[in-house]
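Asker: I'd like to ask you about the structure that follows.
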Amino acid sequence: MSLLTLLFLVLASVAMLTLGVLAGRLPRTSPGVLAAVCGLGTLLCLPPLLMGPDATGLNLPLGPPGLSLHFALDSLSLAFVVMIFLAGTAIAALLATAPGVPQTDTIRTTPLCIGGTTLALLAADGIVLTLGLVTVCVSIRPRAVAAPIMILVAVCLLTPPGYAPRFDAIRTAPADLVHAGAALALAVASVATMLWRRPDKSGPVTDMLTAGLLLPLGSYLLLRLTADLSATSIQPWYGFIPLLGGAAAAVAQGWTAAASPRIDNAANALVLRQAGLATASIGLLLIARADDLSAAASFALNATILTVIAGAIGGMLAVLAAHSIGANAGTFRLSRLGGLIQLMPGASVALSAALLTLSALPPGMGFVSLWLSFQSILSAPRTGGMLSQLPLALAAASLALTAALATAAAVRIAGIAVLGRPRSPRGAGAHETASRFRTVMVTLAAVSLLAGILPNPILWLLADPAAHALFGATSRPASAGYSVLAVVILVAVASAGAKLLPWQSRREAKRAGPWLDGFPPQRGLPFGEPSAQSAGLGFLPDLARPARPALIRIPAIPALPKISGLWLLLAAFVTFLLAVGISG
Amino acid sequence: MSIVLPFAAQILHAVLVLVAAPMLAGVSDWLDARLTGLSGPSVLQPWRELIRLSRKTQAAPDNLSPVSQLAPAIGFGVTLVAAILVPSFALFTSLSPVADVILIVSLLAVARVATALSALDSGDARSGFRQQEVSALSVIAEPAAMLSVVAVALMAGTLNLDSIIAQQREGTLMPAAASVIALVTLATLLVTDTTQADDHLAGRELALASVTRWLRRLVWLDLIGGIFLPVGIAMADAGPTAWLIGLGVWILKLGVFVLALAALSAVFGRIPRRSLPGVLGVAALLALLAVIMVLASAGTA
């Protein structure tokens with residue numbers, strides 16, 4: 001079954017790449033076909049997911065001798081493939097139902113990105129992995145083509161001398177400490193390069209692809225290269241690099257989300273915050289794995305996977321809702337929005353669900369991953385003295401701080417944009433988003449809320465098999481101790497009781513205008529002066545420029561004018577030459 | 001019997017916290033007044049206020065969304081559940097398996113969020129700006145609270161509150177210095193808690209918001225009393241006699257805490273609003289210090 005699934009997935013990725021190349025000729029049918037392929041792929045992944053997949057490999061005799069293309073499917077890659085295909089189905093469905101002919105760039109980018117991501121997830125050697133990553137970067141992040149090269153170098157560093165950069169060869173002969181450390185640093189830098197984007201380069205499809213595809217892909221790369229391929233070479237202090245780097249990124253992005261004046265930038269910052277949290281969880285996983293503490297490692301892996309799922313679902317929902325609001329209210333600026341729950345109830349509810357998922361409030365998914373991360377810190381090794389424990393303490397502080405920042409961001413976005421009164425005439429004229437957007441948003445919102453209340457089935461399906469495959473965890477699932485359903489029911493009963501209590505006043509509520517501190521409303525402003533409300537500008541100051549660390553500018557290839565098959569071939573050829581050169 | 005007694009203790013605890021929260025507010029107001037030389041209101045004044053507010057006819061501004069109508073009830077429900085999860089007179093009641101310290105602190109955050117959203121929805125300038133200030137302060141206060149409970153959880157090796165209290169009773173939570181620092185942090189957070197009912201609420205919504213505020217204070221007191229002074233707490237399956245002793249000790253502890261808070265307020269006055277960020281920042285750093293101490297002591301043991 002697993003081999004058939006792998007074969008289908010390889011064919012599906014090739015089909016999606018072909019679809020991307022031919023998108024200009026098939027503008028109307030391309031999104032529909034893509035949605036069908038992604039949906040079918042999700043369905044075909046279910047049987048091995050439910051039965052527990054056996055690790056399966058597939059070699060395609062393409063390329064020079066000894067460097068044919070190798071694919072593999074195991075529990076870890078299957079979990080991420082399912083996430084990618086679900087996200088791809090949502091994005092493709094959105095494109096397929098768009099009125100008129102979608103833009104060629106959009107319908108080309110989407111299949112190329114999904115196909116490239118699938119290829120990277122199924123890769124069992126450095127060449128296929130790099131090919132997939134190059135495709136992804138060329139399609140969505142043209143300025144980050146250095147990222148695949150860094151990953152290729154990392155794989156080559158892990159490969160034993162005299163071998164082709166194949167994963168099975170790496171597993172049989174673990175790399176030394178220096179190479180493993182360098183590979184880890186390169187992997188972290190590569191993922192950061194791939195996920196980072198300029199705030200002004202924003203678009204609904206690009207942002208959804210970043211949340212739904214790049215975030216899981218980045219986490220998968222870190223897990224594959226560190227927790228799997230170089231697991232036996234990893235020292236406990238290696239985990240401090242992703243732990244502290246990810247925690248710092250999560251805090252910085254949480255602050256950005258809580259202070260950003262634009263709703264789309266705030267949503268994107270919340271997505272990047274999830275990436276930071278996932279990286280920090282992987283750091284915890286590496287620390288626990290190096291000390292052979294399977295319970296702590298299992299908690300950390302569960303936290304990673306749930307953070308990625310929350311980032312993918314909540315992130316796609318948040319950016320979709322933010323762009324719908326921007327398009328229909330005429331502005332992305334929070335200070336000019338307001339009262340959208342009356343004008344755009346569908347988008348408002350979707351945005352609220354996304355904020356619950358991305359923040360750390362119960363019963364959202366973000367809270368579950370926070371809980372699992374703290375459980376992992378609780379079970380982390382207590383050896384090595386002050387120096388090795390200090391990063392754990394700092395990580396705990398960062399987790400708590402970024403949770404509070406995300407809560408502040410959620411209150412600010414929901415309180416200013418969704419609630420209150422409109423703050424501008426254009427904002428007052430906002431209209432509800434199209435029904436196709438609403439359908440996708442409501443579906444994503446329902447899934448995210450359900451997953452927050454009942455995370456255990458998801459973790460049982462996706463995380464526990466991966467934990468078993470990565471470090472042979474055979475103890476009870478780490479997620480088993482979490483139960484928020486009882487609390488949700490209790491809160492619902494208590495709140496309903498308070499609301500429905502037979503209060504002594506029997507009279508109907510008196511309708512009244514807004515309370516204006518006793519003053520009559522101004523002429524022409526029957527609901528009061530809109531600008532007298534909080535505009536969300538004073539919640540937190542903008543993250544001061546001096547407080548930001550100097551960004552390392554990674555040499556980037558100039559933006560490609562057109563993506564075409566020729567560019568892909570050229571990139572593949574350069575990658576191939578580089579791989580041959582490095583591996584000797 | 002092993003199920004019935006914990007369940008009965010849980011029900012009794014829920015009723016007690018609902019009754020105790022307004023009483024505690026009344027006693028606190030009375031003590032505040034007495035210590036400043038005034039006669040003070042009756043300790044039953046909060047109950048009278050609740051009755052008065054519940055008789056008022058609702059005024060519903062036109063621009064209010066369903067969020068505003070639901071937020072006071074949700075805030076009350078969430079805080080009540082948090083109060084139910086924190087033990088008062090008995091340990092290991094029916095809901096103790098879900099009494100998680102991170103969950104309890106997060107439930108209090110949810111209640112604050114509900115209050116903030118209700119204020120922002122009203123469109124009232126004063127309430128909105130006040131909640132904006134409270135939200136900004138919470139960015140410091142909530143991590144401090146979270147780190148304090150995590151420090152204690154790290155000492156106990158579990159996030160379950162009842163297990164933490166049980167270990168504290170046996171004196172196995174080490175190092176004691178970290179416990180003291182966490183206690184100072186939580187006490188600071190209790191003193192500087194800025195959550196309050198807002199001007200935009202009236203009638204039954206204001207009544208609910210007031211009860212929520214009193215319950216929140218009780219949660220903090222129970223949390224501090226349970227973790228750092230777990231004297232006299234009975235086991236839920238020990239039976240009514242042990243419960244009575246636990247109940248008496250709980251009332252005594254609450255009385256001592258309220259007296260101490262009133263005395264502090266009378267001697268030093270209230271903390272000025274402009275000083276709150278600094279005070280909360282110190283509390284957060286103390287909480288981080290407690291976590292470092294716990295981890296470092298375990299790492300060198």
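Residue numbering restarts at 1 for every chain of the structure tokens, chains are lettered A, B, ... in their displayed order, and ligands are numbered from 1 as they appear.
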Within 7 Å of Leu277 in chain A, counting only C-alpha atoms, which residues qualify if same-chain residues fewer than 5 places away don't, as a list in words?

Answerer: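 Contacts, with the query itself left out: Gly246, Ala247, Ala250 and Thr307 of chain A.
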
Asker: Compile the contact shell of Phe7 in chain B as a ChimeraX atom specification: residues with an atom at most 9 Å away, counting only C-alpha atoms, same-chain residues fewer than 6 positions apart removed.

Answerer: /B:93-95,236

Asker: Go ahead and save the picked residues with N, CA and C atoms, as a CSV table (one decimal), in the first residue's frame.

Answerer:
chain,number,residue,atom,x,y,z
B,93,THR,N,-10.1,16.6,44.2
B,93,THR,CA,-11.5,16.5,44.0
B,93,THR,C,-11.7,16.0,42.5
B,94,SER,N,-13.0,15.9,42.1
B,94,SER,CA,-13.3,15.2,40.8
B,94,SER,C,-12.6,15.9,39.6
B,95,LEU,N,-12.4,17.2,39.6
B,95,LEU,CA,-11.8,17.9,38.5
B,95,LEU,C,-10.3,18.0,38.6
B,236,ALA,N,-9.8,14.9,49.5
B,236,ALA,CA,-11.2,14.9,49.1
B,236,ALA,C,-11.9,13.6,49.6

Asker: Tell me which protein, DNA and RNA residues are within 7 Å of range 221-229 of chain A, counting only C-alpha atoms, leaving out same-chain ones fewer than 5 positions away, and put them as a list in words.

Answerer: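 Near neighbours after the sequence-gap exclusion: Phe167, Ile170, Arg171, Leu184, Ala187, Val188, Ile282, Leu286 and Leu470 of chain A.
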
Asker: How would the residues just picked look written out with C-alpha atoms as a short mmCIF file (atom, residue, chain, number, x, y, z; two decimals), in the first residue's frame?

Answerer:
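Result written to selection_20.cif:
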data_model
loop_
_atom_site.label_atom_id
_atom_site.label_comp_id
_atom_site.auth_asym_id
_atom_site.auth_seq_id
_atom_site.Cartn_x
_atom_site.Cartn_y
_atom_site.Cartn_z
CA PHE A 167 19.74 9.54 3.05
CA ILE A 170 23.93 9.02 5.79
CA ARG A 171 21.98 6.90 8.26
CA LEU A 184 22.32 22.10 11.56
CA ALA A 187 19.54 24.08 7.80
CA VAL A 188 18.34 26.75 10.24
CA ILE A 282 12.68 21.22 17.31
CA LEU A 286 17.15 17.71 19.79
CA LEU A 470 12.35 8.86 14.65
#

Asker: I need the residues in range 106-201 of chain B that are alpha helix (DSSP H) according to DSSP; give them as a ChimeraX atom specification.

Answerer: /B:106-122,125-156,161-169,176-191

Asker: Excluding same-chain residues fewer than 5 positions from range 17-26 of chain B, what lies within 9 Å of it counting only C-alpha atoms, as a list in words?

Answerer: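 Using only C-alpha atoms, the neighbours found are Leu12, Leu31, Pro41, Ser42, Val43, Leu44, Gln45, Pro46, Trp47, Leu80, Ala83, Ile84, Ser88, Ser210, Val211, Thr212, Arg213, Trp214, Leu215, Arg216, Arg217, Leu218, Val219, Leu254, Gly255 and Val258 of chain B.
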
Asker: Any chance you can output those residues with N, CA and C atoms as a compact mmCIF listing (two decimals), in the first residue's frame?

Answerer:
# COMPACT_ATOMS: atom_id res chain seq x y z
N LEU B 12 -19.24 21.10 46.60
CA LEU B 12 -19.18 21.99 47.74
C LEU B 12 -18.19 23.13 47.49
N LEU B 31 -12.49 46.32 55.56
CA LEU B 31 -11.18 46.44 56.20
C LEU B 31 -10.42 47.66 55.68
N PRO B 41 -18.44 50.19 54.73
CA PRO B 41 -19.74 49.62 54.35
C PRO B 41 -19.93 48.25 55.01
N SER B 42 -21.14 47.78 54.92
CA SER B 42 -21.43 46.44 55.44
C SER B 42 -20.69 45.40 54.60
N VAL B 43 -20.33 44.30 55.23
CA VAL B 43 -19.67 43.22 54.46
C VAL B 43 -20.64 42.59 53.46
N LEU B 44 -21.93 42.84 53.63
CA LEU B 44 -22.91 42.29 52.70
C LEU B 44 -23.19 43.25 51.53
N GLN B 45 -22.48 44.38 51.52
CA GLN B 45 -22.73 45.39 50.50
C GLN B 45 -22.62 44.83 49.07
N PRO B 46 -21.62 43.97 48.74
CA PRO B 46 -21.55 43.41 47.38
C PRO B 46 -22.82 42.65 46.98
N TRP B 47 -23.40 41.92 47.94
CA TRP B 47 -24.64 41.20 47.62
C TRP B 47 -25.77 42.18 47.30
N LEU B 80 -15.01 31.42 36.72
CA LEU B 80 -15.59 30.47 37.67
C LEU B 80 -14.92 29.10 37.54
N ALA B 83 -11.64 29.20 39.12
CA ALA B 83 -11.78 29.15 40.58
C ALA B 83 -12.11 27.75 41.06
N ILE B 84 -12.90 27.04 40.26
CA ILE B 84 -13.26 25.68 40.65
C ILE B 84 -12.05 24.74 40.58
N SER B 88 -9.52 24.63 47.41
CA SER B 88 -9.68 25.54 48.55
C SER B 88 -9.48 24.77 49.85
N SER B 210 -18.70 42.30 37.90
CA SER B 210 -18.24 42.48 39.29
C SER B 210 -17.94 41.14 39.93
N VAL B 211 -18.85 40.18 39.73
CA VAL B 211 -18.60 38.84 40.31
C VAL B 211 -17.33 38.24 39.70
N THR B 212 -17.14 38.48 38.41
CA THR B 212 -15.94 37.97 37.75
C THR B 212 -14.68 38.54 38.41
N ARG B 213 -14.72 39.84 38.69
CA ARG B 213 -13.55 40.49 39.30
C ARG B 213 -13.28 39.93 40.69
N TRP B 214 -14.36 39.69 41.45
CA TRP B 214 -14.18 39.14 42.81
C TRP B 214 -13.66 37.70 42.74
N LEU B 215 -14.21 36.95 41.78
CA LEU B 215 -13.75 35.56 41.63
C LEU B 215 -12.26 35.51 41.25
N ARG B 216 -11.87 36.44 40.40
CA ARG B 216 -10.48 36.49 39.95
C ARG B 216 -9.54 36.72 41.15
N ARG B 217 -9.95 37.60 42.01
CA ARG B 217 -9.15 37.87 43.23
C ARG B 217 -9.07 36.61 44.09
N LEU B 218 -10.21 35.92 44.18
CA LEU B 218 -10.22 34.69 44.98
C LEU B 218 -9.30 33.63 44.37
N VAL B 219 -9.28 33.55 43.03
CA VAL B 219 -8.40 32.57 42.37
C VAL B 219 -6.95 32.83 42.75
N LEU B 254 -7.87 32.97 54.13
CA LEU B 254 -8.41 34.07 53.33
C LEU B 254 -8.48 35.35 54.16
N GLY B 255 -8.90 35.19 55.42
CA GLY B 255 -8.98 36.35 56.31
C GLY B 255 -7.62 36.99 56.51
N VAL B 258 -6.54 38.79 53.26
CA VAL B 258 -7.27 40.05 53.02
C VAL B 258 -6.80 41.12 53.99

Asker: Determine the nearest neighbour of chain B from the options A:Ser190, A:Ser424, A:Ser352, A:Gln389, counting only C-alpha atoms.

Answerer: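 Smallest distance to chain B is found for A:Gln389.
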
Asker: Provide the CA of Leu217 in chain A to CA of Ile234 in chain A distance in Å, to one decimal place.

Answerer: 21.5 Å

Asker: Need to verify the contact set: Pro6 in chain B, 12 Å, only C-alpha atoms, exclusion of same-chain residues closer than 5 positions in sequence. Can you return it as a PDB file with N, CA and C atoms, in the first residue's frame?

Answerer:
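That gives us result-v5.pdb:
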ATOM      1  N   MET B   1     -17.694   4.838  46.849  1.00  0.00           N
ATOM      2  CA  MET B   1     -17.332   5.860  47.837  1.00  0.00           C
ATOM      3  C   MET B   1     -16.162   6.699  47.360  1.00  0.00           C
ATOM      4  N   ILE B  11     -18.439  19.722  44.304  1.00  0.00           N
ATOM      5  CA  ILE B  11     -19.672  20.522  44.280  1.00  0.00           C
ATOM      6  C   ILE B  11     -19.639  21.556  45.410  1.00  0.00           C
ATOM      7  N   LEU B  12     -19.244  21.095  46.597  1.00  0.00           N
ATOM      8  CA  LEU B  12     -19.177  21.993  47.745  1.00  0.00           C
ATOM      9  C   LEU B  12     -18.186  23.126  47.488  1.00  0.00           C
ATOM     10  N   HIS B  13     -17.068  22.775  46.883  1.00  0.00           N
ATOM     11  CA  HIS B  13     -16.041  23.777  46.580  1.00  0.00           C
ATOM     12  C   HIS B  13     -16.587  24.829  45.604  1.00  0.00           C
ATOM     13  N   PRO B  87      -7.801  24.357  44.244  1.00  0.00           N
ATOM     14  CA  PRO B  87      -8.357  23.773  45.484  1.00  0.00           C
ATOM     15  C   PRO B  87      -8.486  24.818  46.592  1.00  0.00           C
ATOM     16  N   PHE B  89     -10.416  23.864  50.151  1.00  0.00           N
ATOM     17  CA  PHE B  89     -10.325  23.148  51.426  1.00  0.00           C
ATOM     18  C   PHE B  89      -9.954  21.680  51.236  1.00  0.00           C
ATOM     19  N   ALA B  90     -10.046  21.175  49.987  1.00  0.00           N
ATOM     20  CA  ALA B  90      -9.777  19.744  49.772  1.00  0.00           C
ATOM     21  C   ALA B  90      -8.969  19.542  48.499  1.00  0.00           C
ATOM     22  N   LEU B  91      -8.098  18.555  48.549  1.00  0.00           N
ATOM     23  CA  LEU B  91      -7.278  18.214  47.378  1.00  0.00           C
ATOM     24  C   LEU B  91      -7.859  16.994  46.677  1.00  0.00           C
ATOM     25  N   PHE B  92      -7.528  16.873  45.396  1.00  0.00           N
ATOM     26  CA  PHE B  92      -7.905  15.716  44.576  1.00  0.00           C
ATOM     27  C   PHE B  92      -9.415  15.507  44.527  1.00  0.00           C
ATOM     28  N   THR B  93     -10.115  16.602  44.230  1.00  0.00           N
ATOM     29  CA  THR B  93     -11.547  16.494  43.970  1.00  0.00           C
ATOM     30  C   THR B  93     -11.749  15.975  42.541  1.00  0.00           C
ATOM     31  N   SER B  94     -13.004  15.912  42.115  1.00  0.00           N
ATOM     32  CA  SER B  94     -13.287  15.244  40.828  1.00  0.00           C
ATOM     33  C   SER B  94     -12.559  15.865  39.646  1.00  0.00           C
ATOM     34  N   LEU B  95     -12.415  17.186  39.646  1.00  0.00           N
ATOM     35  CA  LEU B  95     -11.814  17.850  38.489  1.00  0.00           C
ATOM     36  C   LEU B  95     -10.306  18.023  38.618  1.00  0.00           C
ATOM     37  N   SER B  96      -9.717  17.429  39.642  1.00  0.00           N
ATOM     38  CA  SER B  96      -8.273  17.634  39.833  1.00  0.00           C
ATOM     39  C   SER B  96      -7.433  17.128  38.653  1.00  0.00           C
ATOM     40  N   PRO B  97      -7.842  16.084  37.908  1.00  0.00           N
ATOM     41  CA  PRO B  97      -6.992  15.672  36.767  1.00  0.00           C
ATOM     42  C   PRO B  97      -6.827  16.762  35.706  1.00  0.00           C
ATOM     43  N   ALA B 234      -7.566  19.327  53.308  1.00  0.00           N
ATOM     44  CA  ALA B 234      -7.923  17.918  53.479  1.00  0.00           C
ATOM     45  C   ALA B 234      -7.829  17.184  52.149  1.00  0.00           C
ATOM     46  N   MET B 235      -7.798  15.879  52.239  1.00  0.00           N
ATOM     47  CA  MET B 235      -7.933  15.063  51.032  1.00  0.00           C
ATOM     48  C   MET B 235      -9.430  14.895  50.752  1.00  0.00           C
ATOM     49  N   ALA B 236      -9.784  14.920  49.470  1.00  0.00           N
ATOM     50  CA  ALA B 236     -11.211  14.890  49.137  1.00  0.00           C
ATOM     51  C   ALA B 236     -11.883  13.620  49.625  1.00  0.00           C
ATOM     52  N   ASP B 237     -11.141  12.520  49.663  1.00  0.00           N
ATOM     53  CA  ASP B 237     -11.765  11.257  50.080  1.00  0.00           C
ATOM     54  C   ASP B 237     -11.645  11.019  51.595  1.00  0.00           C
ATOM     55  N   ALA B 238     -11.220  12.045  52.329  1.00  0.00           N
ATOM     56  CA  ALA B 238     -11.041  11.849  53.781  1.00  0.00           C
ATOM     57  C   ALA B 238     -12.345  11.989  54.557  1.00  0.00           C
ATOM     58  N   GLY B 239     -13.365  12.549  53.938  1.00  0.00           N
ATOM     59  CA  GLY B 239     -14.655  12.629  54.616  1.00  0.00           C
ATOM     60  C   GLY B 239     -14.942  14.002  55.208  1.00  0.00           C
ATOM     61  N   PRO B 240     -16.194  14.191  55.645  1.00  0.00           N
ATOM     62  CA  PRO B 240     -16.665  15.505  56.075  1.00  0.00           C
ATOM     63  C   PRO B 240     -15.899  16.112  57.257  1.00  0.00           C
ATOM     64  N   TRP B 243     -12.912  17.674  55.968  1.00  0.00           N
ATOM     65  CA  TRP B 243     -13.318  18.832  55.146  1.00  0.00           C
ATOM     66  C   TRP B 243     -13.582  20.041  56.035  1.00  0.00           C
TER      67      TRP B 243
END

Asker: In Å, with one decimal, what is the gap from CA of Trp30 in chain B to CA of Val279 in chain B?

Answerer: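 Going from CA of Trp30 in chain B over to CA of Val279 in chain B, I get 26.8 Å.
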
Asker: Could you give me, as a compact mmCIF listing (two decimals) with N, CA and C atoms, in the first residue's frame, the residues within 9 Å of Arg141 in chain A, counting only C-alpha atoms and dropping anything in the same chain fewer than 5 positions from it?

Answerer:
# COMPACT_ATOMS: atom_id res chain seq x y z
N VAL A 136 10.39 25.25 -5.55
CA VAL A 136 9.60 26.06 -4.62
C VAL A 136 10.12 27.49 -4.60
N MET A 194 14.26 31.03 3.55
CA MET A 194 13.11 30.65 2.72
C MET A 194 11.81 31.29 3.23
N LEU A 195 11.70 31.39 4.56
CA LEU A 195 10.45 31.90 5.11
C LEU A 195 10.40 33.43 5.14
N ARG A 197 10.32 37.18 4.16
CA ARG A 197 9.94 37.95 2.98
C ARG A 197 9.75 39.39 3.39
N ALA A 559 15.75 38.61 -8.92
CA ALA A 559 14.42 38.07 -9.22
C ALA A 559 14.33 37.66 -10.68

Asker: Ranking B:Val110, B:Ala202, B:Leu261, B:Met174 by minimum distance to chain A and counting only C-alpha atoms, which one comes first?

Answerer: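 Using only C-alpha atoms, the shortest distance to chain A belongs to B:Val110.
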